[in-house]
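The structure appears right after this line, and notes come after that.
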Amino acid sequence: MTVLTPLPDAPARLARLEREAAHQSALSAGDGRPWVGARDGVRPVVIVGAGQAGLVLARGLRRRGIDDVVVLDAAPAGAAGPWTTYARMHTLRTPKDIAWPTWGTPAVSPRAWFEAVYGTAAWEQIEYFPTTAWQGFLQWYREVSAITVVPATHVTAITPTDGPLDLALEGPDGTWTLSAHHVVLATGIEGAGGRSIPSLLHDLPADRVRHTHDDIDFAALAGLRIGILGAGTGAFDNAATALEHGAALVDVHMRRAAMPQVSPYRWMEFAGLIENYGTFTDAQKWAFNVHLSAVDQPATQNALWRAHAFDTFRFLTSSPWQGVEWTGSDIAVTTPHGIHHYDVVLAATGIASDLARRPELARVAADAVLWSERLTPEAAAQNPGLAAFPYLDDDFGLVDRAGGEALSRIHMFNHGARISQGMLSHQIPGLVGGATKLAAALSRRLFARDSASLLAEYLAYDVPVGVQIGRRAQPAAAEAPTAVASSG
Ligand SMILES: Cc1cc2nc3c(=O)[nH]c(=O)nc-3n(C[C@H](O)[C@H](O)[C@H](O)COP(=O)(O)OP(=O)(O)OC[C@H]3O[C@@H](n4cnc5c(N)ncnc54)[C@H](O)[C@@H]3O)c2cc1C
């Protein structure tokens, strides 16, 4: 694992970078003049989630002159996103040259920050952004963008009314309501559902089963035998973390015969796809995602090496779990190769889409169109898990089965947009396309809402520029020139 140390003069370098960012922003002066704010107490946009997606969108909206945007997050201050909790990998999967929505200010890019803090030599050495550095960058990005986040505040319900959307909030000071015209759910990988735990694990004692997204007390796993179902990067990083904390043995079980060797995500990281995924037909979007799920991607090399560094680690292929039983003292897992006994099992089985599982969406879940309703039964049967994803409009908005408009103002800027919008909302390289598209859409929709009053404001506009008619006034002479007498 590469250990990064900030340069001794990192604070001064960052201060210089911040001055450069301010100068770059000033070079595009004119952008950002506020033209829409709160109206009758209704906020134009509330962003739920202050991870990378919420932050870049907030900056992009301000640059478009959309003011009074509220950003809130259930996590305590500075802990938004997975990077300080269950992202147990040492580095991102995405190669370090990350496309990033700079909104005209390259000085606020990940690379500019990294080079300021760790130096250009360190940048040359790394292949992937370390996760701790990524979290550090996001915190700085929030500060340098002057984005205020309301921390430790959950949105517990969204209720559409004839006018605004009412958000029920719960925070350290109690509960209250906030009204918004648009709500952006920048709520991350679980934003359209939750953790997926296969049913064959449901009957085990609760304290013997964990999901890799859980807050796991790894010290308590010391001396225990751990079985992990699933073989993505998270499986290997959780295996390594358990072994680093003294687990007696850890097995990772993969259904496939071999680790995938191709990552379709590497193909996807180009501007043409990121900007234009939305022009795919529904059939193309479906084929794209069914293929992605089937091919999957390899676990990262770092995660594999990290787990394989232990003699007590095993990677078992062609090893689906056919039966799981609580024996009274441990867990017996039946596979084609035999029966394995574990004290605790970890589900590295990702997430499932199910809008009704999200408290904030519970009141609208039954009305929202899903992909299954836009597919033939044969197509939906290719991947029922994907077919349960919400079908979104081109503005990331939910679509109301009964044709109502309010749901289209709830924008899924999270993993739920995976089929409708591709990688634009939930993969770092896609944010540049997603945030640009969503910011433009919100601007367009708010302009359309306010077009009558904006036109009236324009027609009534009477602020004089202050031009003067006649010759340009000459500056008063400092002193009359002295006449020189001629003697001739
Ligand atoms: C372990 C892991 C590793 C990943 N590695 C990569 C990678 O290498 N490259 C890549 O491109 N992508 C990666 N991803 C995918 C993606 O980039 C991350 O999930 C990323 O964190 C998504 O950012 P986000 O802003 O959308 O959501 P998050 O960073 O998850 O932020 C969402 C925020 O919403 C808040 N929230 C949720 N519900 C509510 C609510 N009801 N009320 C208030 N707040 C709420 C949460 O507290 C959270 O802080 C990874 C994902 C995971 C889980």
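Residues in the structure tokens are numbered from 1 in each chain, the chains being A, B, ... in the order shown, and ligands are numbered from 1 in the order shown.
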Contacts of chain A with ligand 1 up to 8 Å, shortest pair per row, only C-alpha atoms and all ligand atoms, as CSV:
```
residue,atom,partner,partner_atom_place_in_ligand_line,distance
A:Val48,CA,ligand 1,44 (N),5.2
A:Gly49,CA,ligand 1,34 (O),3.3
A:Ala50,CA,ligand 1,33 (C),5.4
A:Gly51,CA,ligand 1,25 (O),3.4
A:Gln52,CA,ligand 1,25 (O),3.9
A:Ala53,CA,ligand 1,25 (O),3.7
A:Gly54,CA,ligand 1,25 (O),5.5
A:Leu55,CA,ligand 1,25 (O),7.4
A:Leu72,CA,ligand 1,43 (C),6.0
A:Asp73,CA,ligand 1,44 (N),3.7
A:Ala74,CA,ligand 1,44 (N),3.8
A:Ala75,CA,ligand 1,47 (O),4.4
A:Ala79,CA,ligand 1,49 (O),6.8
A:Ala80,CA,ligand 1,49 (O),3.3
A:Gly81,CA,ligand 1,29 (O),3.2
A:Pro82,CA,ligand 1,30 (O),5.5
A:Trp83,CA,ligand 1,21 (O),7.0
A:Tyr86,CA,ligand 1,1 (C),6.1
A:Ala87,CA,ligand 1,1 (C),3.7
A:Arg88,CA,ligand 1,1 (C),6.5
A:Met89,CA,ligand 1,1 (C),7.0
A:Thr91,CA,ligand 1,8 (O),7.1
A:Leu92,CA,ligand 1,8 (O),3.4
A:Arg93,CA,ligand 1,8 (O),3.4
A:Thr94,CA,ligand 1,9 (N),4.5
A:Pro95,CA,ligand 1,8 (O),8.0
A:Ala152,CA,ligand 1,43 (C),7.6
A:Thr153,CA,ligand 1,43 (C),5.7
A:His154,CA,ligand 1,42 (N),3.6
A:Val155,CA,ligand 1,42 (N),4.0
A:Thr156,CA,ligand 1,41 (N),5.8
A:Ala157,CA,ligand 1,41 (N),7.9
A:Leu169,CA,ligand 1,42 (N),7.9
A:Leu185,CA,ligand 1,34 (O),7.7
A:Ala186,CA,ligand 1,26 (O),5.3
A:Thr187,CA,ligand 1,34 (O),3.6
A:Gly188,CA,ligand 1,27 (O),3.1
A:Ile189,CA,ligand 1,19 (O),4.9
A:Glu190,CA,ligand 1,30 (O),7.5
A:Gly191,CA,ligand 1,37 (C),6.4
A:His213,CA,ligand 1,53 (C),7.2
A:Gly234,CA,ligand 1,1 (C),6.2
A:Arg358,CA,ligand 1,41 (N),7.5
A:Pro359,CA,ligand 1,41 (N),7.0
A:Glu360,CA,ligand 1,41 (N),5.7
A:Phe413,CA,ligand 1,26 (O),6.9
A:Asn414,CA,ligand 1,26 (O),5.1
A:His415,CA,ligand 1,26 (O),7.0
A:Ser425,CA,ligand 1,26 (O),6.3
A:His426,CA,ligand 1,16 (C),5.0
A:Gln427,CA,ligand 1,11 (O),3.6
A:Ile428,CA,ligand 1,11 (O),3.7
A:Pro429,CA,ligand 1,11 (O),5.8
A:Gly430,CA,ligand 1,11 (O),7.6
```
message: Just want the 7 Å neighbourhood of stretch 207-210 of chain A, counted on only C-alpha atoms, with same-chain residues fewer than 3 positions away dropped. Output as number ranges by chain.
response: A: 204, 214, 343-347
Give me a file of those residues, with N, CA, C and O atoms, as a tab-separated table (two decimals), in the first residue's frame.
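Final output, saved to again_38.tsv:
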```
chain	number	residue	atom	x	y	z
A	204	LEU	N	-30.43	-17.43	9.25
A	204	LEU	CA	-29.28	-17.56	10.17
A	204	LEU	C	-29.44	-16.59	11.33
A	204	LEU	O	-30.11	-15.56	11.19
A	214	ASP	N	-22.14	-2.97	5.77
A	214	ASP	CA	-22.44	-2.73	7.19
A	214	ASP	C	-21.23	-2.13	7.90
A	214	ASP	O	-20.08	-2.25	7.45
A	343	ASP	N	-18.00	-19.36	11.26
A	343	ASP	CA	-18.63	-18.74	12.43
A	343	ASP	C	-19.49	-17.56	12.01
A	343	ASP	O	-20.51	-17.28	12.64
A	344	VAL	N	-19.03	-16.85	10.98
A	344	VAL	CA	-19.75	-15.66	10.50
A	344	VAL	C	-19.68	-15.67	8.97
A	344	VAL	O	-18.66	-16.09	8.41
A	345	VAL	N	-20.77	-15.24	8.31
A	345	VAL	CA	-20.70	-15.10	6.84
A	345	VAL	C	-20.94	-13.64	6.46
A	345	VAL	O	-21.71	-12.92	7.11
A	346	LEU	N	-20.24	-13.23	5.41
A	346	LEU	CA	-20.41	-11.86	4.88
A	346	LEU	C	-21.02	-11.96	3.50
A	346	LEU	O	-20.54	-12.72	2.65
A	347	ALA	N	-22.06	-11.16	3.27
A	347	ALA	CA	-22.67	-11.09	1.93
A	347	ALA	C	-22.03	-9.94	1.18
A	347	ALA	O	-22.24	-8.77	1.51
```
field: Residues within 12 Å of A:Asp68, only C-alpha atoms, excluding chain neighbours under 4 positions, as a list in words
entry: Pro34, Trp35, Val36, Gly37, Ala38, Arg39, Gly41, Val42, Arg43, Pro44, Val45, Val46, Ile47, Ala58, Arg59, Leu61, Arg62, Ile147, Thr148, Ala180 and His181 of chain A
Hey, can you spit out that residue selection with C-alpha atoms as an mmCIF file, in the first residue's frame?
```cif
data_model
loop_
_atom_site.group_PDB
_atom_site.id
_atom_site.type_symbol
_atom_site.label_atom_id
_atom_site.label_comp_id
_atom_site.auth_asym_id
_atom_site.auth_seq_id
_atom_site.Cartn_x
_atom_site.Cartn_y
_atom_site.Cartn_z
ATOM 1 C CA PRO A 34 -28.355 34.698 -9.317
ATOM 2 C CA TRP A 35 -31.723 34.664 -11.067
ATOM 3 C CA VAL A 36 -33.728 32.132 -9.127
ATOM 4 C CA GLY A 37 -33.975 31.795 -5.382
ATOM 5 C CA ALA A 38 -36.495 30.732 -2.762
ATOM 6 C CA ARG A 39 -40.030 31.833 -3.535
ATOM 7 C CA GLY A 41 -40.489 29.825 1.277
ATOM 8 C CA VAL A 42 -40.164 27.173 -1.440
ATOM 9 C CA ARG A 43 -36.560 26.337 -2.294
ATOM 10 C CA PRO A 44 -35.856 25.894 -5.989
ATOM 11 C CA VAL A 45 -33.747 22.783 -5.378
ATOM 12 C CA VAL A 46 -32.976 20.634 -2.351
ATOM 13 C CA ILE A 47 -30.099 18.189 -2.783
ATOM 14 C CA ALA A 58 -24.457 22.192 -6.004
ATOM 15 C CA ARG A 59 -21.427 23.957 -7.495
ATOM 16 C CA LEU A 61 -26.179 25.064 -10.025
ATOM 17 C CA ARG A 62 -24.545 28.077 -8.400
ATOM 18 C CA ILE A 147 -21.085 24.713 -0.104
ATOM 19 C CA THR A 148 -22.874 24.629 3.231
ATOM 20 C CA ALA A 180 -38.864 22.445 -2.571
ATOM 21 C CA HIS A 181 -39.755 22.710 -6.231
#
```
- request: Quick one: everything within 12 Å of A:Ser319, counting only C-alpha atoms, minus sequence neighbours fewer than 2 positions away in the same chain. Send it as a ChimeraX atom specification.
  value: /A:227-231,251-258,314-317,321-323,333-340
Two-atom distance - atom CA of A:Gly404, atom CA of A:Gly60 (Å):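 Atom-to-atom, atom CA of A:Gly404 and atom CA of A:Gly60 are spaced 28.0 Å apart.
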- prompt: Taking into account only C-alpha atoms, which residue in the set A:Thr5, A:Gln421, A:Asn238, A:Ser28 is nearest to A:Leu273?
  reply: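 Result for the nearest residue to A:Leu273: A:Gln421.
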- request: Could you give me the residues within stretch 287-469 of chain A that DSSP places in helix (DSSP H, G or I), as a ChimeraX atom specification?
  value: /A:287-295,301-308,355-357,359-361,365-367,371-374,377-382,384-387,406-409,415-424,428-460
query: Out of A:Ile226, A:Val290, A:Ala388, A:Ile469, which residue has the shortest atom-to-atom distance to A:Thr312 when counting only C-alpha atoms?
result: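 Of A:Ile226, A:Val290, A:Ala388, A:Ile469, the one nearest A:Thr312 is A:Ile226, counting only C-alpha atoms.
Atom pair atom CA of A:Ala220 / atom CA of A:Ala248: separated by 11.7 Å.
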field: Surrounding residues of stretch 297-300 of chain A excluding itself and chain neighbours under 6 positions, 7 Å, only C-alpha atoms, as number ranges by chain
entry: A: 93, 232-233, 259-264
task: Write out as a count of residues only all residues of stretch 58-245 of chain A that DSSP puts in strand (DSSP E) for this structure's backbone.
output: 50
